[in-house]
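K.L.:
For reference, the file query-v1.cif (mmCIF, C-alpha atoms) is included below:
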data_run
loop_
_atom_site.group_PDB
_atom_site.id
_atom_site.type_symbol
_atom_site.label_atom_id
_atom_site.label_comp_id
_atom_site.auth_asym_id
_atom_site.auth_seq_id
_atom_site.Cartn_x
_atom_site.Cartn_y
_atom_site.Cartn_z
ATOM 1 C CA MET A 1 19.229 1.026 5.967
ATOM 2 C CA SER A 2 17.368 1.956 2.806
ATOM 3 C CA THR A 3 18.136 4.910 0.638
ATOM 4 C CA PRO A 4 15.182 6.883 -0.751
ATOM 5 C CA LYS A 5 16.003 5.965 -4.355
ATOM 6 C CA LYS A 6 16.068 2.275 -3.484
ATOM 7 C CA LEU A 7 12.924 2.530 -1.408
ATOM 8 C CA ILE A 8 10.841 4.096 -4.150
ATOM 9 C CA GLY A 9 11.264 0.978 -6.286
ATOM 10 C CA ALA A 10 10.724 -1.346 -3.357
ATOM 11 C CA ALA A 11 7.615 0.515 -2.290
ATOM 12 C CA ALA A 12 6.185 0.238 -5.758
ATOM 13 C CA LEU A 13 6.773 -3.501 -5.725
ATOM 14 C CA ALA A 14 5.050 -3.698 -2.365
ATOM 15 C CA LEU A 15 1.843 -2.532 -3.962
ATOM 16 C CA PRO A 16 -0.618 -5.414 -4.362
ATOM 17 C CA LEU A 17 -0.527 -7.580 -7.426
ATOM 18 C CA VAL A 18 -4.057 -6.463 -8.164
ATOM 19 C CA VAL A 19 -2.768 -3.000 -9.017
ATOM 20 C CA ALA A 20 -0.304 -4.342 -11.546
ATOM 21 C CA LEU A 21 -0.067 -2.224 -14.653
ATOM 22 C CA ALA A 22 -3.486 -2.758 -16.182
ATOM 23 C CA GLY A 23 -4.604 -1.862 -19.659
ATOM 24 C CA CYS A 24 -6.801 1.127 -20.373
ATOM 25 C CA ALA A 25 -10.519 0.560 -19.868
ATOM 26 C CA GLY A 26 -13.444 2.218 -21.541
ATOM 27 C CA THR A 27 -14.003 4.437 -18.504
ATOM 28 C CA GLY A 28 -10.401 5.631 -18.404
ATOM 29 C CA THR A 29 -8.014 7.784 -20.409
ATOM 30 C CA ASP A 30 -4.580 6.417 -21.215
ATOM 31 C CA ALA A 31 -2.177 8.998 -19.811
ATOM 32 C CA ALA A 32 0.700 7.442 -21.726
ATOM 33 C CA ALA A 33 -0.957 8.809 -24.853
ATOM 34 C CA GLY A 34 -0.449 12.315 -23.525
ATOM 35 C CA THR A 35 -4.092 13.291 -22.994
ATOM 36 C CA ALA A 36 -4.378 16.677 -21.317
ATOM 37 C CA GLY A 37 -7.002 17.918 -18.877
ATOM 38 C CA SER A 38 -10.462 19.067 -19.930
ATOM 39 C CA THR A 39 -11.015 22.730 -20.724
ATOM 40 C CA ASP A 40 -14.766 22.701 -20.086
ATOM 41 C CA GLU A 41 -16.112 25.168 -17.551
ATOM 42 C CA GLN A 42 -17.373 22.315 -15.402
ATOM 43 C CA LYS A 43 -14.471 19.945 -15.638
ATOM 44 C CA PRO A 44 -14.757 16.369 -14.411
ATOM 45 C CA VAL A 45 -12.661 15.313 -11.465
ATOM 46 C CA ARG A 46 -9.653 13.577 -13.011
ATOM 47 C CA ILE A 47 -8.343 10.658 -10.945
ATOM 48 C CA GLY A 48 -5.097 8.923 -11.879
ATOM 49 C CA VAL A 49 -5.017 5.145 -11.436
ATOM 50 C CA VAL A 50 -2.975 2.220 -12.735
ATOM 51 C CA ASN A 51 -5.815 -0.287 -12.880
ATOM 52 C CA SER A 52 -8.804 1.407 -14.520
ATOM 53 C CA GLY A 53 -9.740 -1.929 -16.083
ATOM 54 C CA ASP A 54 -10.902 -3.304 -12.736
ATOM 55 C CA PRO A 55 -14.732 -3.329 -12.773
ATOM 56 C CA TYR A 56 -15.074 -1.553 -9.423
ATOM 57 C CA TRP A 57 -13.823 1.675 -10.980
ATOM 58 C CA GLU A 58 -16.840 1.779 -13.299
ATOM 59 C CA THR A 59 -19.045 1.119 -10.278
ATOM 60 C CA PHE A 60 -17.319 3.993 -8.484
ATOM 61 C CA THR A 61 -17.764 6.470 -11.354
ATOM 62 C CA GLU A 62 -21.447 5.542 -11.567
ATOM 63 C CA ALA A 63 -21.883 6.019 -7.813
ATOM 64 C CA ALA A 64 -20.174 9.416 -8.059
ATOM 65 C CA ALA A 65 -22.435 10.401 -10.956
ATOM 66 C CA ASP A 66 -25.453 9.539 -8.811
ATOM 67 C CA GLU A 67 -24.140 12.154 -6.372
ATOM 68 C CA GLY A 68 -23.712 14.719 -9.130
ATOM 69 C CA ILE A 69 -19.929 14.340 -9.516
ATOM 70 C CA ASP A 70 -18.465 13.617 -12.942
ATOM 71 C CA VAL A 71 -15.322 11.474 -12.614
ATOM 72 C CA GLU A 72 -12.796 10.833 -15.368
ATOM 73 C CA LEU A 73 -10.311 8.043 -14.765
ATOM 74 C CA VAL A 74 -6.841 8.557 -16.197
ATOM 75 C CA ASN A 75 -4.995 5.275 -16.579
ATOM 76 C CA PHE A 76 -1.207 5.200 -16.246
ATOM 77 C CA THR A 77 1.218 2.552 -17.404
ATOM 78 C CA GLU A 78 4.016 3.248 -14.905
ATOM 79 C CA TYR A 79 3.978 3.868 -11.159
ATOM 80 C CA ALA A 80 6.322 6.830 -11.611
ATOM 81 C CA GLN A 81 3.739 8.823 -13.603
ATOM 82 C CA PRO A 82 0.659 9.648 -11.452
ATOM 83 C CA ASN A 83 2.350 11.756 -8.758
ATOM 84 C CA PRO A 84 4.142 14.159 -11.139
ATOM 85 C CA ALA A 85 0.902 14.436 -13.124
ATOM 86 C CA LEU A 86 -0.987 15.349 -9.965
ATOM 87 C CA SER A 87 1.643 17.881 -8.955
ATOM 88 C CA ALA A 88 1.529 19.458 -12.434
ATOM 89 C CA GLY A 89 -2.247 19.897 -12.277
ATOM 90 C CA GLU A 90 -2.984 17.296 -14.945
ATOM 91 C CA LEU A 91 -4.940 15.348 -12.319
ATOM 92 C CA ASP A 92 -7.107 16.339 -9.381
ATOM 93 C CA LEU A 93 -6.486 13.156 -7.382
ATOM 94 C CA ASN A 94 -4.715 9.859 -7.714
ATOM 95 C CA GLN A 95 -5.300 6.477 -6.100
ATOM 96 C CA PHE A 96 -2.617 3.872 -6.659
ATOM 97 C CA GLN A 97 -0.068 4.058 -3.840
ATOM 98 C CA HIS A 98 0.480 3.543 -0.156
ATOM 99 C CA VAL A 99 1.826 6.090 2.310
ATOM 100 C CA ILE A 100 5.460 4.958 2.032
ATOM 101 C CA TYR A 101 5.464 5.381 -1.742
ATOM 102 C CA LEU A 102 3.988 8.884 -1.440
ATOM 103 C CA ALA A 103 6.502 9.843 1.264
ATOM 104 C CA THR A 104 9.371 8.680 -0.911
ATOM 105 C CA TYR A 105 8.069 10.660 -3.874
ATOM 106 C CA ASN A 106 7.607 13.809 -1.779
ATOM 107 C CA VAL A 107 11.134 13.679 -0.389
ATOM 108 C CA ASN A 108 12.822 12.854 -3.687
ATOM 109 C CA SER A 109 10.822 15.469 -5.605
ATOM 110 C CA ASP A 110 10.617 18.155 -2.891
ATOM 111 C CA ASP A 111 6.836 17.951 -3.188
ATOM 112 C CA ASP A 112 3.970 18.087 -0.710
ATOM 113 C CA LEU A 113 1.198 15.815 -1.979
ATOM 114 C CA GLN A 114 -1.119 14.720 0.816
ATOM 115 C CA PRO A 115 -3.351 11.728 1.629
ATOM 116 C CA ILE A 116 -7.048 12.610 1.871
ATOM 117 C CA GLY A 117 -8.515 9.178 2.482
ATOM 118 C CA ALA A 118 -7.713 5.512 3.024
ATOM 119 C CA THR A 119 -8.841 2.677 0.782
ATOM 120 C CA ALA A 120 -7.346 -0.693 1.706
ATOM 121 C CA ILE A 121 -4.314 -2.498 2.975
ATOM 122 C CA TYR A 122 -3.092 -5.642 1.279
ATOM 123 C CA PRO A 123 -1.698 -7.612 4.232
ATOM 124 C CA LEU A 124 1.673 -9.308 4.290
ATOM 125 C CA GLY A 125 1.235 -12.643 6.014
ATOM 126 C CA LEU A 126 3.174 -15.061 8.215
ATOM 127 C CA TYR A 127 2.737 -18.730 7.258
ATOM 128 C CA SER A 128 3.755 -22.036 8.816
ATOM 129 C CA SER A 129 3.579 -25.678 7.792
ATOM 130 C CA GLN A 130 4.316 -26.803 11.359
ATOM 131 C CA TYR A 131 2.261 -24.584 13.628
ATOM 132 C CA ASP A 132 -1.374 -23.497 13.560
ATOM 133 C CA SER A 133 -0.836 -20.489 15.795
ATOM 134 C CA VAL A 134 1.845 -17.929 16.525
ATOM 135 C CA LYS A 135 1.591 -18.935 20.180
ATOM 136 C CA ASP A 136 2.727 -22.459 19.302
ATOM 137 C CA ILE A 137 6.048 -21.312 17.824
ATOM 138 C CA PRO A 138 8.719 -22.234 20.381
ATOM 139 C CA ALA A 139 11.313 -19.862 21.763
ATOM 140 C CA GLY A 140 14.547 -19.951 19.813
ATOM 141 C CA ALA A 141 12.909 -21.119 16.583
ATOM 142 C CA THR A 142 13.880 -19.541 13.266
ATOM 143 C CA VAL A 143 11.463 -17.448 11.196
ATOM 144 C CA ALA A 144 12.214 -16.327 7.634
ATOM 145 C CA VAL A 145 11.514 -12.891 6.154
ATOM 146 C CA PRO A 146 12.107 -11.509 2.640
ATOM 147 C CA ASN A 147 15.487 -9.880 2.152
ATOM 148 C CA ASP A 148 14.328 -7.009 -0.084
ATOM 149 C CA GLU A 149 14.376 -3.740 1.810
ATOM 150 C CA SER A 150 10.720 -2.739 1.864
ATOM 151 C CA ASN A 151 9.227 -6.170 2.527
ATOM 152 C CA GLN A 152 11.925 -7.112 5.049
ATOM 153 C CA ALA A 153 11.023 -4.132 7.225
ATOM 154 C CA ARG A 154 7.328 -4.781 6.811
ATOM 155 C CA GLY A 155 7.747 -8.470 7.628
ATOM 156 C CA LEU A 156 9.698 -7.605 10.776
ATOM 157 C CA LEU A 157 6.909 -5.295 11.873
ATOM 158 C CA VAL A 158 4.439 -8.155 11.383
ATOM 159 C CA LEU A 159 6.602 -10.394 13.577
ATOM 160 C CA GLN A 160 6.800 -7.686 16.216
ATOM 161 C CA SER A 161 3.020 -7.185 16.192
ATOM 162 C CA ALA A 162 2.654 -10.949 16.630
ATOM 163 C CA GLY A 163 4.901 -10.867 19.707
ATOM 164 C CA LEU A 164 7.696 -12.921 18.155
ATOM 165 C CA ILE A 165 10.397 -10.231 18.114
ATOM 166 C CA GLU A 166 11.221 -6.788 19.430
ATOM 167 C CA LEU A 167 12.837 -4.194 17.187
ATOM 168 C CA GLU A 168 15.281 -1.481 18.139
ATOM 169 C CA ASP A 169 13.475 1.811 18.762
ATOM 170 C CA GLY A 170 10.140 0.134 18.101
ATOM 171 C CA GLY A 171 10.860 -0.545 14.434
ATOM 172 C CA SER A 172 10.263 1.498 11.292
ATOM 173 C CA PRO A 173 9.857 1.066 7.509
ATOM 174 C CA PHE A 174 13.668 0.922 7.459
ATOM 175 C CA SER A 175 14.175 -1.868 10.000
ATOM 176 C CA THR A 176 16.460 -4.767 9.096
ATOM 177 C CA VAL A 177 17.292 -8.107 10.681
ATOM 178 C CA ALA A 178 20.147 -6.324 12.451
ATOM 179 C CA ASP A 179 17.530 -4.338 14.415
ATOM 180 C CA VAL A 180 16.010 -7.474 16.009
ATOM 181 C CA LEU A 181 16.797 -7.258 19.718
ATOM 182 C CA PRO A 182 18.699 -10.245 21.153
ATOM 183 C CA ASP A 183 16.039 -11.040 23.764
ATOM 184 C CA SER A 184 13.396 -11.633 21.075
ATOM 185 C CA LYS A 185 11.481 -14.904 21.239
ATOM 186 C CA VAL A 186 12.625 -16.170 17.816
ATOM 187 C CA LYS A 187 15.601 -15.849 15.505
ATOM 188 C CA VAL A 188 15.092 -14.213 12.111
ATOM 189 C CA GLU A 189 16.717 -15.172 8.822
ATOM 190 C CA ALA A 190 16.427 -13.054 5.664
ATOM 191 C CA LEU A 191 15.925 -14.959 2.388
ATOM 192 C CA ASP A 192 15.106 -14.002 -1.168
ATOM 193 C CA ALA A 193 11.359 -13.327 -1.286
ATOM 194 C CA SER A 194 10.855 -16.125 -3.814
ATOM 195 C CA PHE A 195 12.352 -18.656 -1.394
ATOM 196 C CA THR A 196 10.531 -17.890 1.868
ATOM 197 C CA ALA A 197 7.592 -20.135 1.000
ATOM 198 C CA SER A 198 9.812 -23.046 -0.024
ATOM 199 C CA SER A 199 11.703 -22.657 3.264
ATOM 200 C CA LEU A 200 8.626 -23.557 5.317
ATOM 201 C CA PRO A 201 9.665 -27.194 5.925
ATOM 202 C CA ASP A 202 12.937 -25.944 7.420
ATOM 203 C CA VAL A 203 11.770 -22.974 9.519
ATOM 204 C CA ALA A 204 9.050 -22.472 12.098
ATOM 205 C CA ALA A 205 7.308 -19.869 9.949
ATOM 206 C CA ALA A 206 7.970 -17.455 7.100
ATOM 207 C CA ILE A 207 6.716 -14.154 5.760
ATOM 208 C CA VAL A 208 5.450 -14.859 2.236
ATOM 209 C CA ASN A 209 4.644 -12.128 -0.272
ATOM 210 C CA ASN A 210 1.172 -12.352 -1.805
ATOM 211 C CA ASP A 211 2.800 -12.759 -5.224
ATOM 212 C CA PHE A 212 4.145 -16.183 -4.226
ATOM 213 C CA LEU A 213 1.145 -17.636 -2.377
ATOM 214 C CA GLU A 214 -0.435 -19.430 -5.314
ATOM 215 C CA ASP A 215 2.777 -21.112 -6.402
ATOM 216 C CA ALA A 216 3.246 -22.354 -2.840
ATOM 217 C CA ASP A 217 -0.318 -23.704 -2.727
ATOM 218 C CA LEU A 218 -1.161 -21.169 -0.007
ATOM 219 C CA THR A 219 -4.028 -18.730 0.375
ATOM 220 C CA ALA A 220 -4.289 -15.589 2.451
ATOM 221 C CA GLU A 221 -6.575 -17.482 4.829
ATOM 222 C CA ASP A 222 -3.652 -19.760 5.743
ATOM 223 C CA ALA A 223 -1.754 -16.906 7.409
ATOM 224 C CA ILE A 224 -1.229 -17.266 11.145
ATOM 225 C CA ALA A 225 -0.437 -13.550 11.452
ATOM 226 C CA GLN A 226 -0.485 -10.522 9.164
ATOM 227 C CA ASP A 227 -0.459 -6.743 9.187
ATOM 228 C CA ASP A 228 -2.976 -5.373 11.656
ATOM 229 C CA PRO A 229 -4.511 -2.269 10.043
ATOM 230 C CA SER A 230 -5.280 -0.929 13.529
ATOM 231 C CA ASP A 231 -1.577 -1.078 14.439
ATOM 232 C CA SER A 232 0.181 2.224 13.826
ATOM 233 C CA ALA A 233 3.109 0.271 12.338
ATOM 234 C CA ALA A 234 0.841 -0.834 9.456
ATOM 235 C CA ILE A 235 -0.433 2.632 8.516
ATOM 236 C CA PRO A 236 2.445 3.350 6.072
ATOM 237 C CA TYR A 237 1.242 0.380 3.991
ATOM 238 C CA ILE A 238 -2.348 1.640 3.618
ATOM 239 C CA ASN A 239 -3.324 2.630 0.084
ATOM 240 C CA ILE A 240 -4.683 6.147 -0.250
ATOM 241 C CA PHE A 241 -6.311 8.852 -2.312
ATOM 242 C CA ALA A 242 -3.767 11.675 -2.723
ATOM 243 C CA ALA A 243 -4.251 15.346 -3.593
ATOM 244 C CA LYS A 244 -2.187 18.504 -3.791
ATOM 245 C CA ALA A 245 -1.791 20.066 -0.353
ATOM 246 C CA GLU A 246 -3.944 23.065 -1.264
ATOM 247 C CA ASP A 247 -6.770 20.698 -2.253
ATOM 248 C CA ALA A 248 -6.669 18.499 0.831
ATOM 249 C CA ASP A 249 -9.900 20.024 2.193
ATOM 250 C CA ASN A 250 -11.750 20.221 -1.136
ATOM 251 C CA PRO A 251 -15.305 19.098 -0.279
ATOM 252 C CA THR A 252 -15.888 17.437 -3.660
ATOM 253 C CA TYR A 253 -12.716 15.377 -3.356
ATOM 254 C CA LEU A 254 -13.563 14.389 0.208
ATOM 255 C CA LYS A 255 -17.044 13.402 -0.959
ATOM 256 C CA LEU A 256 -15.459 11.096 -3.535
ATOM 257 C CA VAL A 257 -13.457 9.410 -0.772
ATOM 258 C CA GLU A 258 -16.675 8.983 1.184
ATOM 259 C CA ILE A 259 -18.413 7.469 -1.851
ATOM 260 C CA TYR A 260 -15.542 5.014 -2.335
ATOM 261 C CA GLN A 261 -15.489 4.020 1.330
ATOM 262 C CA ASN A 262 -19.261 3.658 1.722
ATOM 263 C CA THR A 263 -20.487 2.143 -1.554
ATOM 264 C CA GLN A 264 -20.767 -1.563 -0.868
ATOM 265 C CA ALA A 265 -20.599 -2.534 -4.536
ATOM 266 C CA VAL A 266 -17.291 -0.677 -4.854
ATOM 267 C CA LEU A 267 -15.892 -2.312 -1.738
ATOM 268 C CA ASP A 268 -16.990 -5.762 -2.869
ATOM 269 C CA GLY A 269 -15.302 -5.108 -6.206
ATOM 270 C CA VAL A 270 -12.034 -4.079 -4.554
ATOM 271 C CA VAL A 271 -11.963 -7.280 -2.523
ATOM 272 C CA GLU A 272 -12.840 -9.406 -5.547
ATOM 273 C CA ALA A 273 -10.166 -7.770 -7.707
ATOM 274 C CA SER A 274 -7.577 -8.480 -5.008
ATOM 275 C CA GLY A 275 -8.416 -12.157 -4.877
ATOM 276 C CA GLY A 276 -9.844 -11.675 -1.424
ATOM 277 C CA THR A 277 -6.677 -10.242 0.118
ATOM 278 C CA ALA A 278 -7.708 -6.582 0.462
ATOM 279 C CA VAL A 279 -8.628 -5.383 3.943
ATOM 280 C CA LEU A 280 -10.798 -2.288 3.618
ATOM 281 C CA VAL A 281 -9.973 0.530 6.022
ATOM 282 C CA LYS A 282 -11.241 3.979 6.980
ATOM 283 C CA THR A 283 -8.136 5.156 8.804
ATOM 284 C CA PRO A 284 -8.574 8.804 9.913
ATOM 285 C CA VAL A 285 -6.881 11.258 7.579
ATOM 286 C CA ASP A 286 -5.018 12.835 10.503
ATOM 287 C CA ASP A 287 -3.362 9.465 11.157
ATOM 288 C CA LEU A 288 -2.409 9.112 7.497
ATOM 289 C CA VAL A 289 -0.911 12.610 7.437
ATOM 290 C CA ALA A 290 1.021 11.969 10.654
ATOM 291 C CA SER A 291 2.371 8.700 9.250
ATOM 292 C CA LEU A 292 3.392 10.436 6.021
ATOM 293 C CA SER A 293 5.332 13.037 7.989
ATOM 294 C CA ASP A 294 7.054 10.389 10.113
ATOM 295 C CA VAL A 295 8.100 8.345 7.080
ATOM 296 C CA GLU A 296 9.368 11.444 5.285
ATOM 297 C CA ASP A 297 11.473 12.263 8.334
ATOM 298 C CA ASP A 298 12.837 8.702 8.379
ATOM 299 C CA ILE A 299 13.715 8.888 4.684
ATOM 300 C CA ARG A 300 15.608 12.133 5.154
ATOM 301 C CA ALA A 301 17.417 10.730 8.185
ATOM 302 C CA ASN A 302 18.465 7.645 6.226
ATOM 303 C CA SER A 303 19.478 9.372 3.012
#
Show this structure as C-alpha cells.
P.N.:
Amino acid sequence: MSTPKKLIGAAALALPLVVALAGCAGTGTDAAAGTAGSTDEQKPVRIGVVNSGDPYWETFTEAAADEGIDVELVNFTEYAQPNPALSAGELDLNQFQHVIYLATYNVNSDDDLQPIGATAIYPLGLYSSQYDSVKDIPAGATVAVPNDESNQARGLLVLQSAGLIELEDGGSPFSTVADVLPDSKVKVEALDASFTASSLPDVAAAIVNNDFLEDADLTAEDAIAQDDPSDSAAIPYINIFAAKAEDADNPTYLKLVEIYQNTQAVLDGVVEASGGTAVLVKTPVDDLVASLSDVEDDIRANS
C-alpha cells in the first residue's frame, strides 16, 4: 500500500512527459522569480502551469481574449509549487495535475482545492510482441507491470479493464500485484518500469510507460489496451483545471474551461505537444469531484 508522501512523488511522475518542467515562455510569468499577483482593478485571470512554452497556451490566451477574458500564465519550475500558490491566492486557477496528485496535495496539506474541468488523459498502454489482441493472450500467461507504486496500480487497472485480471474490491489507485485475485486469467509480474518494454520477448504483454516507448521502438498506436477514459477507474488519471473551493462556480473560470475544451486549435496543440498520446476528455465535473473525494478517502485510509 502507498503512503501519501510516497504517492505525491509517484503521481507527479505519472504526469505526461509533455508537461515536463518547461522553460518560461513569452506569454508566461516565471513564478520561481517570485512575481506577485496584479494589483490592477481588473486583474487578469492568473493560471499556474508547468509548460507555458507549449504553443497551445498562446492559442488559448488568444481565444480567451477574443471572449473578453485576459489570461496571464504563471510558469512554475517544480510540481510542488502551483497548488500552494493557488491556495495562497497568488493564482486563480492551475492546470498541471491529475486528480490523484490533487487529492494527495489536499490530504497532506489539509486543503480543499477542487477540479472545475477536465482536459486530457495521457493513457498508459499494454503492449505485446507476440499477440495482436488482448483476446489472443492465453490463460495462465504472464503479463508485466511497472513496480513503482502509482504506475503499478494504474497498470493493474488497465489489465482489469481489458478483462485479463480481477482485483480485490474492484481495485483502486493503491492496488498492488498482491491484490490480483487468484482466478484471474493471467499472472502478473512487477518489474522496474524501465525493464517492462525489454521484457516483451519473455512475457505475453507488458505495461510500458510513455517515457520508454521511443527507446523500445514502440508508439502509442501499438498498444493493444490502454486506459479507457470512460471507465471510472481511469478518472483519477485525468488532468484538470483546479480552483479554490469557493471559486468552483466562478462563471469566468468555468468559461475558460469551456474555451479550452471547445477551441479546436487548442485541442490540436495539446495533442501535438503530447506526441499524439493525449486523449481529450470532457468528463463531467461532478464525476471529477466524486473521484477526488474517493481518492482522498483512500489516501487517509492507507496513511
K.L.:
Can you turn the PyMOL selection byres ((chain A and resi 186-200) around 8) into a concrete residue list for this file, as a ChimeraX atom specification?
P.N.:
/A:127-129,138-148,152,164-165,177,180,184-185,201-209,212-213,216
K.L.:
So that I can see what lies close to segment 284-288 of chain A, please list as an MDAnalysis selection string the residues with an atom at most 8 Å from it, counting all atoms listed in the file and leaving out residues fewer than 6 positions away in the same chain.
P.N.:
chainID A and resid 99 115:118 235:236
K.L.:
Between atom CA of Gly48 of chain A and atom CA of Pro173 of chain A, what is the distance, to one decimal in Å?
P.N.:
25.7 Å
K.L.:
Can you sort out the box for segment 126-137 of chain A, edges along x, y and z, all listed atoms in, 4 Å on every side, with centre and edge lengths in Å to one decimal, as lines of an AutoDock Vina configuration file?
P.N.:
center_x = 2.3
center_y = -20.9
center_z = 13.7
size_x = 15.4
size_y = 19.7
size_z = 20.9
K.L.:
What's the separation between atom CA of Leu73 of chain A and atom CA of Ile47 of chain A, in Å to one decimal place?
P.N.:
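Distance between the two atoms: 5.0 Å.
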K.L.:
Considering all atoms listed in the file, can you say which of A:Leu93, A:Val50, A:Phe60, A:Val107 comes closest to Glu296 of chain A?
P.N.:
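Ranking A:Leu93, A:Val50, A:Phe60, A:Val107 by distance to Glu296 of chain A, first place goes to A:Val107.
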K.L.:
Would you pick out the contacts of segment 258-267 of chain A at 7 Å or less, using all atoms listed in the file, so that residues sharing its chain but fewer than 4 positions from it are not included, and give the list as a VMD selection string?
P.N.:
chain A and resid 56 59 to 60 64 119 254 271
K.L.:
Under the rule that all atoms listed in the file are counted, which of A:Asp298, A:Ala65, A:Ala273, A:Ile121 is the nearest residue to Ser52 of chain A?
P.N.:
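Among the listed residues, A:Ala273 lies closest to Ser52 of chain A.
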K.L.:
So how far away is atom CA of Arg154 of chain A from atom CA of Ala120 of chain A, in Å?
P.N.:
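Computing it gives 16.1 Å between the two atoms.
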K.L.:
Env of Gln97 of chain A: 7 Å cut, atoms = only C-alpha atoms, seq-sep filter 4 positions within chain, self excluded. Answer as an MDAnalysis selection string.
P.N.:
chainID A and resid 15 101:102 239:240
K.L.:
Please write the residues from the selection above to a file, keeping C-alpha atoms, as a tab-separated table (two decimals), keeping the file's coordinate frame.
P.N.:
chain	number	residue	atom	x	y	z
A	15	LEU	CA	1.84	-2.53	-3.96
A	101	TYR	CA	5.46	5.38	-1.74
A	102	LEU	CA	3.99	8.88	-1.44
A	239	ASN	CA	-3.32	2.63	0.08
A	240	ILE	CA	-4.68	6.15	-0.25
K.L.:
If the PyMOL selection byres ((chain A and resi 295) around 9) were run on this exact file, what residues would it hold? Put them as a list in words.
P.N.:
Val99, Ile100, Ala103, Thr104, Ser172, Pro173, Pro236, Ala290, Ser291, Leu292, Ser293, Asp294, Glu296, Asp297, Asp298, Ile299 and Arg300 of chain A
K.L.:
Once the PyMOL selection byres ((chain A and resi 82) around 12) is applied to the coordinates I shared, what remains selected? I want it as a PyMOL selection string.
P.N.:
chain A and resi 30-32+46-51+73-81+83-97+101-102+105+113+241-243
K.L.:
Pick out the residues sitting within 10 Å of Ala178 of chain A, and hand them over as a list in words; count all atoms listed in the file, and ignore anything fewer than 4 positions along from it in its own chain.
P.N.:
Met1, Leu167, Glu168, Pro182 and Val188 of chain A
K.L.:
From the set A:Asp70, A:Tyr131, A:Glu149, A:Leu159, which residue has the shortest atom-to-atom contact distance to Ala234 of chain A, counting all atoms listed in the file?
P.N.:
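Among A:Asp70, A:Tyr131, A:Glu149, A:Leu159, it is A:Leu159 that comes nearest to Ala234 of chain A.
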K.L.:
Given the point (-20.3, 15.0, -9.3) in the file's coordinates, find the residues that have an atom at most 9 Å from it, counting only C-alpha atoms, and give them as a PyMOL selection string.
P.N.:
chain A and resi 44-45+64-71+252+256
K.L.:
Please determine, counting all atoms listed in the file, which residue among A:Ile238, A:Val134, A:Val257, A:Ala233 has the shortest atom-to-atom distance to Ala162 of chain A.
P.N.:
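The shortest atom-to-atom distance to Ala162 of chain A comes from A:Val134.
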